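One file, entry-v1.cif, is given below (mmCIF, C-alpha atoms).
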data_protein
#
loop_
_atom_site.label_atom_id
_atom_site.label_comp_id
_atom_site.auth_asym_id
_atom_site.auth_seq_id
_atom_site.Cartn_x
_atom_site.Cartn_y
_atom_site.Cartn_z
CA MET A 208 185.64 44.94 58.52
CA LEU A 209 182.96 42.89 60.27
CA HIS A 210 179.41 43.55 59.01
CA THR A 211 176.71 43.22 61.67
CA ASP A 212 173.64 44.12 59.59
CA PRO A 213 171.85 40.83 58.76
CA ALA A 214 170.48 42.24 55.52
CA ALA A 215 173.99 42.96 54.25
CA TYR A 216 174.94 39.29 54.38
CA PHE A 217 171.86 38.01 52.58
CA THR A 218 172.17 40.71 49.94
CA ALA A 219 175.76 39.65 49.32
CA ARG A 220 174.76 35.96 49.21
CA ALA A 221 171.80 36.33 46.84
CA GLU A 222 173.60 35.24 43.67
CA THR A 223 175.16 32.16 45.27
CA TYR A 224 172.62 31.29 47.94
CA HIS A 225 171.61 27.98 46.34
CA ASP A 226 175.17 26.70 46.73
CA VAL A 227 174.31 25.69 50.29
CA TYR A 228 172.11 22.92 48.86
CA GLU A 229 174.95 21.37 46.86
CA ARG A 230 176.95 19.92 49.74
CA PRO A 231 177.42 16.22 48.96
CA GLU A 232 177.35 15.09 52.60
CA GLN A 233 173.82 16.52 52.94
CA ARG A 234 172.38 15.35 49.63
CA GLU A 235 170.61 12.19 50.81
CA GLU A 236 168.99 13.92 53.78
CA LEU A 237 167.98 16.89 51.61
CA LEU A 238 166.07 14.57 49.27
CA LEU A 239 164.24 13.06 52.25
CA LEU A 240 163.45 16.55 53.51
CA GLN A 241 162.07 17.56 50.11
CA GLU A 242 159.84 14.49 50.04
CA LYS A 243 158.47 15.21 53.50
CA VAL A 244 157.80 18.88 52.73
CA ALA A 245 155.98 17.91 49.51
CA GLU A 246 153.85 15.41 51.43
CA LEU A 247 152.88 17.97 54.09
CA MET A 248 152.21 20.88 51.71
CA ASP A 249 150.22 18.90 49.14
CA GLY A 250 146.98 20.68 48.22
CA HIS A 251 147.46 23.63 50.57
CA ALA A 252 147.25 27.37 50.02
CA VAL A 253 150.74 28.14 51.33
CA LEU A 254 152.22 31.28 52.81
CA GLU A 255 156.01 30.99 52.76
CA VAL A 256 158.02 33.24 55.09
CA GLY A 257 161.64 34.08 54.34
CA CYS A 258 161.46 32.65 50.82
CA GLY A 259 164.89 33.98 49.81
CA THR A 260 165.76 33.15 46.21
CA GLY A 261 162.88 30.70 45.88
CA TYR A 262 164.59 27.31 46.19
CA TRP A 263 161.80 25.88 48.34
CA THR A 264 159.11 28.08 46.80
CA ARG A 265 159.35 26.34 43.43
CA GLN A 266 159.15 22.95 45.09
CA LEU A 267 156.08 24.05 47.04
CA ALA A 268 154.47 25.21 43.80
CA GLU A 269 154.73 21.68 42.41
CA VAL A 270 152.33 20.32 45.04
CA ALA A 271 150.42 23.24 46.60
CA ASP A 272 147.23 24.81 45.32
CA SER A 273 148.88 28.23 45.60
CA VAL A 274 152.03 29.80 47.05
CA THR A 275 152.53 33.33 48.35
CA ALA A 276 156.25 33.80 49.01
CA VAL A 277 157.37 36.63 51.30
CA ASP A 278 160.85 38.05 51.86
CA SER A 279 162.14 41.45 52.94
CA ASN A 280 165.38 41.35 50.94
CA ASP A 281 165.33 43.04 47.53
CA ALA A 282 168.35 41.16 46.19
CA MET A 283 166.97 37.76 47.15
CA LEU A 284 163.59 38.47 45.55
CA ALA A 285 165.25 39.82 42.42
CA VAL A 286 166.95 36.45 41.92
CA ALA A 287 163.70 34.60 42.69
CA ARG A 288 161.73 36.59 40.11
CA ARG A 289 164.12 35.87 37.24
CA THR A 290 162.21 32.71 36.41
CA PRO A 291 158.52 33.68 36.22
CA ASP A 292 156.04 31.16 37.56
CA GLU A 293 152.32 31.92 37.45
CA ARG A 294 151.76 29.58 40.39
CA ILE A 295 153.77 31.84 42.72
CA GLU A 296 153.01 35.30 44.08
CA TRP A 297 156.24 37.00 45.18
CA VAL A 298 155.76 39.60 47.92
CA GLN A 299 158.29 41.93 49.49
CA GLY A 300 157.40 42.14 53.14
CA ASN A 301 158.38 41.51 56.73
CA ALA A 302 157.67 38.00 58.01
CA CYS A 303 157.13 39.53 61.46
CA ASP A 304 154.48 41.93 60.15
CA LEU A 305 152.21 39.74 58.03
CA PRO A 306 148.69 40.86 57.08
CA VAL A 307 145.66 39.20 58.64
CA SER A 308 144.27 36.63 56.20
CA ASP A 309 142.19 33.48 56.21
CA ALA A 310 143.28 32.70 52.64
CA TYR A 311 146.06 30.33 53.72
CA THR A 312 145.77 26.81 55.04
CA ALA A 313 149.50 26.35 55.66
CA CYS A 314 152.61 28.36 56.48
CA PHE A 315 156.13 27.24 55.59
CA GLY A 316 159.55 28.52 56.63
CA GLY A 317 162.72 27.04 55.17
CA PHE A 318 165.90 27.80 57.15
CA TRP A 319 164.29 30.96 58.49
CA TRP A 320 163.52 30.11 62.11
CA SER A 321 167.23 29.92 63.02
CA HIS A 322 167.62 33.59 62.04
CA LEU A 323 164.64 34.78 64.12
CA PRO A 324 165.89 36.13 67.47
CA ARG A 325 164.89 33.94 70.40
CA GLU A 326 163.30 36.90 72.18
CA ARG A 327 160.93 37.46 69.23
CA GLN A 328 159.88 33.86 68.57
CA SER A 329 156.89 33.69 70.93
CA ALA A 330 155.54 37.00 69.64
CA TRP A 331 155.88 35.78 66.05
CA LEU A 332 154.01 32.57 66.82
CA GLY A 333 151.29 34.48 68.66
CA GLY A 334 150.94 36.86 65.74
CA LEU A 335 150.71 33.97 63.32
CA GLN A 336 147.85 32.48 65.34
CA LYS A 337 145.92 35.74 65.13
CA LYS A 338 146.67 36.41 61.48
CA LEU A 339 146.22 32.97 59.93
CA GLY A 340 143.80 31.39 62.35
CA LYS A 341 143.27 28.20 64.30
CA ASP A 342 144.24 24.84 62.73
CA THR A 343 146.54 26.37 60.11
CA LEU A 344 149.38 23.93 59.38
CA LEU A 345 152.85 25.29 60.18
CA VAL A 346 155.97 23.57 58.85
CA LEU A 347 159.53 24.69 59.57
CA ILE A 348 162.79 23.14 58.41
CA ASP A 349 166.28 24.12 59.49
CA ASN A 350 169.85 23.04 60.21
CA ASN A 351 171.42 21.08 63.02
CA TYR A 352 174.85 22.08 64.23
CA VAL A 353 177.27 19.42 62.98
CA GLU A 354 180.82 19.54 64.27
CA GLY A 355 183.28 19.72 61.39
CA SER A 356 180.58 20.65 58.88
CA SER A 357 178.81 23.71 60.32
CA THR A 358 180.50 27.08 60.61
CA PRO A 359 181.71 27.33 64.23
CA ILE A 360 179.75 29.39 66.75
CA ALA A 361 181.67 32.63 67.33
CA HIS A 362 179.71 34.12 70.22
CA THR A 363 176.40 34.17 72.09
CA ASP A 364 174.43 37.27 73.07
CA ALA A 365 172.56 38.04 76.31
CA GLU A 366 169.35 36.46 74.97
CA GLY A 367 171.10 33.20 74.12
CA ASN A 368 171.22 33.77 70.35
CA THR A 369 174.30 32.26 68.73
CA TYR A 370 176.31 33.82 65.90
CA GLN A 371 178.65 32.63 63.18
CA ILE A 372 181.32 34.67 61.40
CA ARG A 373 180.86 34.00 57.69
CA ALA A 374 183.36 35.08 55.04
CA LEU A 375 182.18 36.07 51.58
CA ALA A 376 184.13 37.77 48.79
CA GLY A 377 186.75 39.09 51.18
CA GLU A 378 184.18 40.47 53.64
CA ARG A 379 183.20 39.10 57.05
CA TYR A 380 179.65 38.97 58.37
CA ASP A 381 178.36 38.36 61.90
CA VAL A 382 175.27 36.18 61.26
CA MET A 383 172.76 34.99 63.84
CA LYS A 384 172.16 31.26 63.52
CA ASN A 385 170.38 29.38 66.31
CA PHE A 386 170.35 25.61 66.73
CA PRO A 387 167.45 24.72 69.06
CA THR A 388 167.04 21.31 70.68
CA ASP A 389 163.80 19.33 70.38
CA SER A 390 162.89 20.20 73.98
CA ALA A 391 163.50 23.91 73.36
CA LEU A 392 161.29 23.81 70.25
CA ARG A 393 158.48 22.00 72.06
CA LYS A 394 158.62 24.44 74.96
CA ARG A 395 158.52 27.44 72.60
CA PHE A 396 155.61 26.09 70.56
CA ALA A 397 153.54 24.62 73.40
CA ASP A 398 151.42 27.74 74.02
CA HIS A 399 150.76 28.34 70.34
CA ALA A 400 150.40 24.98 68.62
CA ARG A 401 149.20 21.41 68.97
CA GLU A 402 150.15 18.14 67.27
CA ILE A 403 153.80 19.20 67.42
CA ARG A 404 155.96 16.69 65.54
CA ILE A 405 159.72 16.95 65.13
CA LYS A 406 161.93 14.75 62.98
CA ARG A 407 165.65 15.26 63.37
CA MET A 408 168.27 13.92 60.99
CA GLU A 409 172.02 14.49 61.15
CA HIS A 410 172.06 17.77 59.23
CA PHE A 411 168.42 18.92 59.26
CA TRP A 412 165.27 18.99 61.34
CA ILE A 413 161.63 19.43 60.38
CA LEU A 414 158.80 20.53 62.65
CA SER A 415 155.10 20.37 61.81
CA CYS A 416 152.16 21.50 63.96
CA ARG A 417 148.69 22.99 63.92
CA LEU A 418 148.16 26.47 65.30
CA LYS A 419 145.87 26.66 68.31
#
Let me see the file written as structure tokens.
Amino acid sequence: MLHTDPAAYFTARAETYHDVYERPEQREELLLLQEKVAELMDGHAVLEVGCGTGYWTRQLAEVADSVTAVDSNDAMLAVARRTPDERIEWVQGNACDLPVSDAYTACFGGFWWSHLPRERQSAWLGGLQKKLGKDTLLVLIDNNYVEGSSTPIAHTDAEGNTYQIRALAGERYDVMKNFPTDSALRKRFADHAREIRIKRMEHFWILSCRLK
């Protein structure tokens, strides 16, 4: 059976989600990515979208003034909450339906953008502008497609979203995973942000900008 509900995959992966960060070929780049995220988020009141099981949340809490971590998946948040941390507020919610607030000076998304459908990206950025306000720092990190390392692309839909077939505990899941180029990212963000900076390594990329 092939599962097509995105939530089903992330629910099934909750207990082992951190395994993705243990790949030896990515270790050196991951450390560099962690250093850069810490540098950018230092001293901020951070809203994290798609926090999952809290891998990046706990690192943000080491340097940020405060962290509000949002995810819609019950199983992911249940894992995240197992280790209480008074510096973190865990919130079950939809990253595409955030409340209006001027309480945050930065927004962070770790490996979340690639799962946001291309046709909804501009609307999400526009909503973020309205809800968090001008000059809010936005930082996104995500994967590059690496031949021989990444799960192969299985198909592409009419909107240009790409999908991988991922196997887990004898089940198969059809998971959206987009791999945008630098030019595609700049074009998407141009109407919503300024000071757009992109650093691309072999396995990862990081984008930082200020909302207009």
Would you kindly return, as an NGL selection string, each protein, DNA or RNA residue with an atom no farther than 10 Å from any atom of Glu222 (chain A), considering all atoms listed in the file and excluding same-chain residues fewer than 6 positions away?
:A and (260 or 282-283 or 285-287)
Which of these residues is nearest to Arg407 (chain A), using all atoms listed in the file: A:Asp249, A:Glu236, A:Cys314, A:Val307?
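Comparing A:Asp249, A:Glu236, A:Cys314, A:Val307 against Arg407 (chain A), the winner is A:Glu236.
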Write out as a PyMOL selection string the residues lying within 12 Å of Val227 (chain A), counting all atoms listed in the file and excluding same-chain residues fewer than 6 positions away.
chain A and resi 220-221+233-234+237+262+318+350+356-357
Selected residue of minimal separation from Val253 (chain A) among A:Cys303, A:Ala219, A:Leu335, A:Leu267, counting all atoms listed in the file:
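Once distances to Val253 (chain A) are computed over all atoms listed in the file, the minimum belongs to A:Leu267.
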Counting only C-alpha atoms, find the residues whose atoms lie at most 12 Å from (173.3, 37.6, 71.5) (file coordinates) and write them out as a PyMOL selection string.
chain A and resi 211+322-326+360-371+381-385
For the structure provided, state which residues fall under the PyMOL selection byres ((chain A and resi 244) around 10), and present them as number ranges by chain.
A: 238-243, 245-249, 263, 266-267, 270, 315, 317, 346-348, 413, 415
Create the file for the chosen residues now, containing C-alpha atoms and written as a tab-separated table (two decimals), in the frame of the given file.
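Saved file out.tsv follows:
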chain	number	residue	atom	x	y	z
A	238	LEU	CA	166.07	14.57	49.27
A	239	LEU	CA	164.24	13.06	52.25
A	240	LEU	CA	163.45	16.55	53.51
A	241	GLN	CA	162.07	17.56	50.11
A	242	GLU	CA	159.84	14.49	50.04
A	243	LYS	CA	158.47	15.21	53.50
A	245	ALA	CA	155.98	17.91	49.51
A	246	GLU	CA	153.85	15.41	51.43
A	247	LEU	CA	152.88	17.97	54.09
A	248	MET	CA	152.21	20.88	51.71
A	249	ASP	CA	150.22	18.90	49.14
A	263	TRP	CA	161.80	25.88	48.34
A	266	GLN	CA	159.15	22.95	45.09
A	267	LEU	CA	156.08	24.05	47.04
A	270	VAL	CA	152.33	20.32	45.04
A	315	PHE	CA	156.13	27.24	55.59
A	317	GLY	CA	162.72	27.04	55.17
A	346	VAL	CA	155.97	23.57	58.85
A	347	LEU	CA	159.53	24.69	59.57
A	348	ILE	CA	162.79	23.14	58.41
A	413	ILE	CA	161.63	19.43	60.38
A	415	SER	CA	155.10	20.37	61.81
Quick one: of A:Asp398, A:Glu409, A:Glu232, A:Glu378, who's nearest to Met208 (chain A), counting all atoms listed in the file?
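Ranking A:Asp398, A:Glu409, A:Glu232, A:Glu378 by distance to Met208 (chain A), first place goes to A:Glu378.
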One decimal, in Å: what's the spacing between CA of His225 (chain A) and CA of Asp292 (chain A)?
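CA of Asp292 (chain A) lies at a distance of 18.2 Å from CA of His225 (chain A).
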From the list A:Gly261, A:Thr275, A:Ala302, A:Ala268, the nearest residue to Thr290 (chain A) using only C-alpha atoms is A:Gly261
Evaluate the PyMOL selection byres ((chain A and resi 301) around 9) here and jot the selected residues down as a list in words.
Val256, Gly257, Val277, Asp278, Ser279, Gln299, Gly300, Ala302, Cys303, Asp304 and Leu305 of chain A
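Distances here use all atoms listed in the file; by that measure, the residue among A:Val274, A:Ile405, A:Leu375, A:Cys258 closest to Ala310 (chain A) is A:Val274.
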Residue among A:Ala252, A:Ala400, A:His410, A:Leu284 lying closest to Glu235 (chain A), counting all atoms listed in the file:
A:His410
Would you work out the distance separating CA of Glu255 (chain A) from CA of Trp320 (chain A), expressed in Å to one decimal?
12.0 Å
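A straight line drawn from CA of Pro213 (chain A) to CA of Gly377 (chain A) is 16.8 Å long.
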Name the residues in contact with Thr343 (chain A) at a cut-off of 8 Å, using only C-alpha atoms, excluding same-chain residues fewer than 2 positions from it; report them as a count of residues only.
10
Using the file's own x, y and z axes, so that the box edges lie along x, y and z, what centre and edge lengths in Å (one decimal) does a box around every listed atom of region 336-344 of chain A get when 4 Å is added on each side? Give it as JSON.
{"center_x": 146.3, "center_y": 30.2, "center_z": 62.4, "size_x": 14.1, "size_y": 20.5, "size_z": 14.0}
